[in-house]
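K.L.:
Structure incoming, see below.
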Amino acid sequence: MERLPKGGFLMPTMTYLQAISDAMREEMRADERVFVMGEDIGTFGGAFKVTDGFIDEFGPQRVMDTPLAESAIVGCAIGAACEGLRPIAEMQFSDFISCGFDQLVNVAGKMFYRQGLSVNITVRLPSGGGFSGGPFHSQNPEGWFMHSPGLKVVAPSTPEDAKGLLISAVRDPNPVVFMEHKHLYRRVKGEVAAGTYETPFTARIARPGTDLTVIAYGAMVHTALEATQDLDGASVEVLDLRSLVPLDEEAILASVRKTSKVVILDEANRTCAAGAQVSALIAERAWEDLDGPVVRVATPDVPIPFSPTLEQAVLPQVDDVREACRELLAY
Amino acid sequence: MATEAAQSGTAEVPPDVSEHLTPGDRVGLLRAMLMMRGIEERAMTLYRQGKVPGSFYDGFGQEAVSAGPAWALAAEDRLCILHRDLAAHVIRGVPTERIFAQYMGRDGGITGGRDGNVHFGDRTKGCVGMVSMLPDMMLIATGLAMAFKLRGEARVAMTWFGDGSTSRGDFHEAMNWAGLQRLPVIFILENNQYAYSTPVGQQYAVDPVERAAAYGFPGVKVDGNDCEATFEVTRQARERALAGEGPTMIEAVTMRMHGHAAHDDMKYVPKEQVEEWQAKDPIDRQVRRLEALGIDVPALREEVKAEIETAVAAALESPMPDGETATDRVFADAPALLEDGNAPWSGFQRAAS
């Protein structure tokens with residue numbers, strides 16, 4: 001489905017997954033420094049088919065099938081970036097970045113601060129649960145990287161932002177951790193501009209409102225929107241963070257000042273999650289603007305269980321968010 | 001001391017091991033090693049005087065492991081240098097004054113006080129600064145070589161790593177990938193017999209140089225205390241890499257003559273082992289070669305000493321970094337990449353002319 005919007009540019013409708021593919025394809029066409037690397041991404045097209053067909057267009061040199069070696073994927077990407085290339089490294093699942101953690105956190109994250117040498121890498125982390133992936137295919141490890149200086153962390157919720165944020169990440173001279181939520185891959189569709197464009201590492205208001213703010217990112221933005229679209233007539237603002245590092249503090253504070261009530265939603269485990277940082281920020285800088293306690297809805301501190309009934313019991317559900325909002329509205 | 005033991009023990013002139021070194025190269029190699037030893041001895045004094053914060057790590061007795069290989073690299077080649085390889089920094093052209101400023105955590109150091117003494121790499125000389133997790137830099141060198149291959153460039157990347165490093169997974173991941181892709185990378189195993197206090201006998205059951213074959217490329221063992229031998233094996237490895245024949249692993253066998261760092265009295269090392277290696281001192285060996293050629297070595301020593309003292313004085317003038325700047329420079333606003341370094345080997349000058 002395509003239509004011509006104002007200005008006459010093509011605005012095809014894409015899934016979140018197609019938008020990620022489109023971002024990489026367009027950047028690789030426009031910039032020969034950009035290449036992709038990861039496990040099973042070439043001939044097979046990737047575990048989720050994000051790079052399906054890439055090897056035919058760009059060849060095996062720029063669509064590099066790697067051995068099963070996450071530390072090598074991140075480390076070699078860093079080396080190539082030091083020489084001016086712009087690698088996009090895919091972890092097959094975000095969970096596997098634990099095997100490349102040292103290279104990302106200790107080598108990439110600290111390089112510019114220590115040596116003045118920039119490391120232009122993008123590490124794509126297919127993350128999140130909701131489909132019985134179990135403890136090693138469902139995690140949301142963004143908090144690990146928020147706590148590691150020198151890494152930028154972004155987490156789009158829409159196809160339009162997935163494309164724009166990924167292009168911005170590829171062009172950023174710093175290491176960027178790109179959290180792409182697997183549960184959104186084929187579930188979310190939207191209009192995406194053709195060609196290349198950058199989306200800034202700032203928050204966006206997903207829906208404006210005046211009575212209460214729900215702050216979320218990634219898949220939880222959709223949970224927040226669904227939970228609050230018809231909430232006893234309340235006007236609920238949904239703020240989509242989009243970027244966790246840098247964190248758009250001014251956008252968060254502005255929304256809190258407007259609504260005075262905040263629910264913070266994380267799919268990640270509760271302790272030291274992105275929402276914990278947002279909560280601390282509000283406590284430190286918006287205390288006087290609040291008309292109720294900061295409320296958090298997050299996954300408890302457990303590994304993500306496999307069985308659907310167990311998984312649904314721990315991941316924040318629409319009803320959990322609705323209930324939290326109702327309680328806070330009544331405070 | 002090393003000099004006396006060497007002279008009384010094996011005073012003969014070492015045999016020639018490379019046809020590719022002019023007298024100028026041979027002097028240059030000695031000069032780099034004298035600079036390394038002189039800088040590190042002077043820095044140890046500064047450490048004891050409280051002017052070098054933290055601890056201090058040196059490569060006393062291992063000078064030939066970095067001098068020879070670094071001499072064999074071209075300006076456009078890239079290096080990931082380890083903490084006992086100061087001669088490589090010297091050869092690439094890092095100003096001595098900045099090395100001392102680096103040790104003292106001063107503003108004028110390579111990292112501007114943001115990282116400790118030996119954790120530096122001057123990106124403007126084609127060097128990537130090491131991290132403490134070893135052997136992480138094997139993968140960075142592999143990635144550099146991958147970039148050269150992707151762009152079809154005739155360049156090599158080189159890194160050093162220790163005997164302890166061979167136990168960690170990044171060693172395997174780098175060796176495997178480099179072998180698989182036949183990348184132009186040179187891995188130098190700096191076998192100095194100890195990883196902190198752990199002897200090689202407790203590190204591995206099989207000599208790592210034998211493992212290279214399992215990854216599909218040669219492993220070459222070399223006398224790590226002979227700078228001309230380490231130069232020659234590296235020169236050959238570089239030729240192999242440029243010919244598209246892939247990586248080489250070089251095991252340079254040497255001995256860590258000091259403790260792991262300044263605080264370590266290395267009581268765990270048998271006295272006889274230290275004495276045995278004192279007789280193999282790499283600087284004494286090169287001195288004998290040059291004396292046989294009629295080179296005025298005492299004059300060279302004086303020149304090096306004077307340069308070091310001038311550099312120390314200048315480094316002491318460098319201010320300590322302003323605490324207000326500690327949170328600056330976490331992120332880059334624009335790309336800042338590797339640039340070419342010095343490549344003094346006469347072979348490159350001949351090729352250019």
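Just remember, in the structure tokens the first chain shown is A, the second B, etc., residues are 1-based per chain, and ligands are 1-based in the order shown.
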List as a list in words the protein and nucleic acid residues near Phe120 of chain B, meaning an atom at most 8 Å away when only C-alpha atoms are counted, but skip any in the same chain fewer than 3 places from it.

P.N.:
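Counting only C-alpha atoms, the residues come to Arg114 and Gln115 of chain A; Ile110, Thr111, Asp115, Gly116, Asn117, Val128, Gly129 and Met130 of chain B.
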
K.L.:
At most 6 Å is the cut-off: for each residue in chain B with any atom that close to an atom of chain A, write down the nearest atom pair and the distance in Å rounded to one decimal, counting only C-alpha atoms, chain first then increasing number, as JSON lines.

P.N.:
```
{"residue": "B:Thr111", "atom": "CA", "partner": "A:Gln115", "partner_atom": "CA", "distance": 5.3}
{"residue": "B:Arg114", "atom": "CA", "partner": "A:Arg114", "partner_atom": "CA", "distance": 5.4}
{"residue": "B:Asp115", "atom": "CA", "partner": "A:Arg114", "partner_atom": "CA", "distance": 5.8}
{"residue": "B:Leu139", "atom": "CA", "partner": "A:Gly75", "partner_atom": "CA", "distance": 5.1}
{"residue": "B:Ile140", "atom": "CA", "partner": "A:Gly79", "partner_atom": "CA", "distance": 4.3}
{"residue": "B:Thr142", "atom": "CA", "partner": "A:Cys76", "partner_atom": "CA", "distance": 5.9}
{"residue": "B:Gly143", "atom": "CA", "partner": "A:Cys76", "partner_atom": "CA", "distance": 3.6}
{"residue": "B:Leu144", "atom": "CA", "partner": "A:Gly79", "partner_atom": "CA", "distance": 4.5}
{"residue": "B:Ala147", "atom": "CA", "partner": "A:Ala80", "partner_atom": "CA", "distance": 4.9}
{"residue": "B:Glu173", "atom": "CA", "partner": "A:Ala72", "partner_atom": "CA", "distance": 5.7}
{"residue": "B:Arg329", "atom": "CA", "partner": "A:Tyr113", "partner_atom": "CA", "distance": 5.4}
{"residue": "B:Val330", "atom": "CA", "partner": "A:Tyr113", "partner_atom": "CA", "distance": 5.0}
{"residue": "B:Phe331", "atom": "CA", "partner": "A:Gly150", "partner_atom": "CA", "distance": 5.9}
{"residue": "B:Ala334", "atom": "CA", "partner": "A:Pro173", "partner_atom": "CA", "distance": 6.0}
{"residue": "B:Pro335", "atom": "CA", "partner": "A:Pro173", "partner_atom": "CA", "distance": 5.3}
{"residue": "B:Ala336", "atom": "CA", "partner": "A:Ser118", "partner_atom": "CA", "distance": 5.1}
{"residue": "B:Leu337", "atom": "CA", "partner": "A:Cys82", "partner_atom": "CA", "distance": 5.6}
```

K.L.:
Could you name the residues that touch segment 174-191 of chain B at 7 Å or less, counting only C-alpha atoms, but leaving out those on the same chain fewer than 2 positions away, as a CSV table (one decimal) with C-alpha atoms, in the first residue's frame?

P.N.:
```
chain,number,residue,atom,x,y,z
A,72,ALA,CA,34.4,-11.1,17.8
B,65,VAL,CA,59.6,-7.8,21.6
B,138,MET,CA,43.4,-9.2,19.3
B,139,LEU,CA,39.9,-8.6,18.1
B,141,ALA,CA,43.5,-5.8,15.3
B,142,THR,CA,41.4,-8.4,13.5
B,145,ALA,CA,42.6,-6.0,9.2
B,146,MET,CA,39.0,-6.7,8.1
B,149,LYS,CA,40.5,-6.4,3.3
B,156,VAL,CA,48.5,-4.9,8.0
B,157,ALA,CA,47.4,-4.7,11.6
B,158,MET,CA,49.5,-6.0,14.4
B,159,THR,CA,48.9,-6.6,18.1
B,160,TRP,CA,50.8,-8.0,21.1
B,161,PHE,CA,49.3,-10.2,23.8
B,162,GLY,CA,50.7,-12.2,26.7
B,163,ASP,CA,50.9,-15.8,27.6
B,170,ASP,CA,38.9,-13.6,22.7
B,171,PHE,CA,42.1,-15.3,21.8
B,172,HIS,CA,40.2,-18.1,20.2
B,193,GLN,CA,56.9,-16.6,31.4
B,215,TYR,CA,43.4,-22.1,13.0
B,216,GLY,CA,44.9,-22.5,9.5
B,217,PHE,CA,47.9,-20.3,9.7
B,237,ALA,CA,54.7,-12.2,8.4
B,241,ALA,CA,49.8,-10.8,4.9
B,242,LEU,CA,50.2,-8.4,2.0
B,245,GLU,CA,48.2,-15.4,2.6
B,246,GLY,CA,46.6,-14.4,5.9
B,247,PRO,CA,47.7,-14.1,9.5
B,248,THR,CA,50.8,-15.2,11.3
B,249,MET,CA,51.2,-15.9,15.0
B,250,ILE,CA,54.6,-15.1,16.4
B,251,GLU,CA,55.6,-16.3,19.8
B,252,ALA,CA,58.4,-14.1,21.1
B,253,VAL,CA,60.0,-15.9,24.0
B,254,THR,CA,61.3,-13.6,26.6
```

K.L.:
B:Val17, B:Leu34, B:Ala261, B:Met133: which is nearest Glu302 of chain B, counting only C-alpha atoms?

P.N.:
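Of all the options, B:Leu34 lies closest to Glu302 of chain B.
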
K.L.:
Can you list every residue in segment 103-328 of chain A that DSSP puts in helix (DSSP H, G or I), as number ranges by chain?

P.N.:
A: 103-115, 142-146, 159-171, 182-184, 219-228, 249-259, 274-285, 287-289, 308-314, 318-328

K.L.:
Using DSSP on the backbone, list every residue of segment 24-259 of chain B that comes out as strand (DSSP E), and give them as a PyMOL selection string.

P.N.:
chain B and resi 78-80+127-128+157-162+185-191+194-195+198-199+219-223+248-253

K.L.:
Can you tell me which residues surround segment 307-313 of chain A at a distance of at most 12 Å, considering only C-alpha atoms, apart from same-chain residues fewer than 4 positions away, and format the answer as an mmCIF file with C-alpha atoms, in the first residue's frame?

P.N.:
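And here is the file that came out, out-v1.cif:
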```
data_model
loop_
_atom_site.group_PDB
_atom_site.id
_atom_site.type_symbol
_atom_site.label_atom_id
_atom_site.label_comp_id
_atom_site.auth_asym_id
_atom_site.auth_seq_id
_atom_site.Cartn_x
_atom_site.Cartn_y
_atom_site.Cartn_z
ATOM 1 C CA GLY A 128 11.913 -8.207 24.441
ATOM 2 C CA GLY A 129 9.455 -10.930 25.245
ATOM 3 C CA GLY A 130 5.848 -11.874 24.778
ATOM 4 C CA PHE A 131 6.136 -14.981 22.625
ATOM 5 C CA SER A 132 7.530 -17.719 24.861
ATOM 6 C CA GLY A 133 11.159 -17.071 24.027
ATOM 7 C CA GLY A 134 12.203 -18.058 27.510
ATOM 8 C CA PRO A 135 15.033 -16.756 29.709
ATOM 9 C CA SER A 138 13.327 -12.392 25.806
ATOM 10 C CA GLN A 139 15.486 -9.969 27.744
ATOM 11 C CA GLU A 267 9.253 -4.178 30.080
ATOM 12 C CA ALA A 298 7.701 -3.104 35.343
ATOM 13 C CA THR A 299 8.682 -6.731 35.082
ATOM 14 C CA PRO A 300 9.641 -8.069 38.511
ATOM 15 C CA VAL A 302 12.953 -12.622 37.630
ATOM 16 C CA PRO A 303 14.325 -14.315 34.506
ATOM 17 C CA GLN A 317 -0.021 -6.212 30.492
ATOM 18 C CA VAL A 318 -2.600 -3.698 29.295
ATOM 19 C CA ASP A 319 -4.754 -4.349 32.349
ATOM 20 C CA ASP A 320 -1.818 -3.753 34.706
#
```

K.L.:
Choose the residue, out of A:Glu90, A:Phe58, A:Asp291, A:Phe306, that has the smallest atom-to-atom separation from Lys258 of chain A; count only C-alpha atoms.

P.N.:
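Of A:Glu90, A:Phe58, A:Asp291, A:Phe306, the one nearest Lys258 of chain A, counting only C-alpha atoms, is A:Asp291.
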
K.L.:
Within 6 Å of segment 197-202 of chain A, counting only C-alpha atoms, which residues show up once you throw out same-chain ones fewer than 4 positions away? Write them as a list of chain:residue names, please.

P.N.:
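Final neighbour list, sorted by chain and number: A:Gly164, A:Leu165, A:Ile167, A:Ser168, A:Ser243, A:Asp248.
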
K.L.:
Write out, as a PDB file, in the first residue's frame, the residues just selected, with N, CA and C atoms.

P.N.:
```
ATOM      1  N   GLY A 164      14.306   6.074  11.141  1.00  0.00           N
ATOM      2  CA  GLY A 164      15.041   7.324  11.378  1.00  0.00           C
ATOM      3  C   GLY A 164      16.087   7.203  12.467  1.00  0.00           C
ATOM      4  N   LEU A 165      15.757   6.502  13.522  1.00  0.00           N
ATOM      5  CA  LEU A 165      16.726   6.335  14.615  1.00  0.00           C
ATOM      6  C   LEU A 165      17.896   5.454  14.187  1.00  0.00           C
ATOM      7  N   ILE A 167      19.088   5.158  11.122  1.00  0.00           N
ATOM      8  CA  ILE A 167      19.956   5.960  10.245  1.00  0.00           C
ATOM      9  C   ILE A 167      20.781   6.946  11.080  1.00  0.00           C
ATOM     10  N   SER A 168      20.156   7.567  12.057  1.00  0.00           N
ATOM     11  CA  SER A 168      20.904   8.474  12.949  1.00  0.00           C
ATOM     12  C   SER A 168      22.009   7.721  13.677  1.00  0.00           C
ATOM     13  N   SER A 243      14.817   7.565  22.975  1.00  0.00           N
ATOM     14  CA  SER A 243      16.247   7.481  23.306  1.00  0.00           C
ATOM     15  C   SER A 243      16.388   7.386  24.823  1.00  0.00           C
ATOM     16  N   ASP A 248      15.936  12.343  27.249  1.00  0.00           N
ATOM     17  CA  ASP A 248      15.367  13.676  26.995  1.00  0.00           C
ATOM     18  C   ASP A 248      14.711  14.185  28.280  1.00  0.00           C
TER      19      ASP A 248
END
```

K.L.:
Record the distance separating atom CA of Glu303 of chain B and atom CA of Ser318 of chain B, expressed in Å with one decimal.

P.N.:
23.1 Å

K.L.:
Return the single residue from B:Gly341, B:Pro321, B:Phe56, B:Ala351 that is closest to Gly109 of chain B, with distances computed using only C-alpha atoms.

P.N.:
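So, comparing all the options, the nearest one is B:Pro321.
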
K.L.:
May I ask which of the residues A:Lys189, A:His222, A:His137, A:Arg242 is the closest one to Val154 of chain A, counting only C-alpha atoms?

P.N.:
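Among the listed residues, the smallest separation from Val154 of chain A belongs to A:Arg242.
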
K.L.:
Just want the 9 Å neighbourhood of Phe60 of chain B, counted on only C-alpha atoms, with same-chain residues fewer than 4 positions away dropped. Output as an mmCIF file with N, CA and C atoms, in the first residue's frame.

P.N.:
```cif
data_model
loop_
_atom_site.group_PDB
_atom_site.id
_atom_site.type_symbol
_atom_site.label_atom_id
_atom_site.label_comp_id
_atom_site.auth_asym_id
_atom_site.auth_seq_id
_atom_site.Cartn_x
_atom_site.Cartn_y
_atom_site.Cartn_z
ATOM 1 N N MET B 36 63.273 3.018 25.455
ATOM 2 C CA MET B 36 62.284 2.315 26.272
ATOM 3 C C MET B 36 62.822 2.083 27.682
ATOM 4 N N ARG B 37 64.022 1.550 27.754
ATOM 5 C CA ARG B 37 64.563 1.254 29.089
ATOM 6 C C ARG B 37 64.816 2.537 29.868
ATOM 7 N N GLU B 40 61.506 4.083 31.025
ATOM 8 C CA GLU B 40 60.856 3.323 32.093
ATOM 9 C C GLU B 40 61.644 3.396 33.405
ATOM 10 N N GLU B 41 62.948 3.401 33.312
ATOM 11 C CA GLU B 41 63.734 3.534 34.548
ATOM 12 C C GLU B 41 63.511 4.905 35.175
ATOM 13 N N ARG B 84 53.820 -3.708 27.877
ATOM 14 C CA ARG B 84 55.270 -3.849 28.047
ATOM 15 C C ARG B 84 55.992 -3.630 26.714
ATOM 16 N N MET B 255 61.384 -12.839 28.940
ATOM 17 C CA MET B 255 61.211 -12.996 30.390
ATOM 18 C C MET B 255 60.883 -11.640 30.995
ATOM 19 N N ARG B 256 59.878 -11.646 31.848
ATOM 20 C CA ARG B 256 59.546 -10.420 32.577
ATOM 21 C C ARG B 256 60.544 -10.276 33.721
ATOM 22 N N MET B 257 61.442 -9.327 33.613
ATOM 23 C CA MET B 257 62.550 -9.211 34.567
ATOM 24 C C MET B 257 62.178 -8.431 35.820
ATOM 25 N N HIS B 258 61.070 -7.715 35.767
ATOM 26 C CA HIS B 258 60.583 -7.022 36.960
ATOM 27 C C HIS B 258 59.266 -7.659 37.394
#
```

K.L.:
What is the atom CA of Arg322 of chain A-atom CA of Glu160 of chain A distance in Å, reported with one decimal?

P.N.:
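Computing the Euclidean distance for atom CA of Arg322 of chain A and atom CA of Glu160 of chain A yields 26.5 Å.
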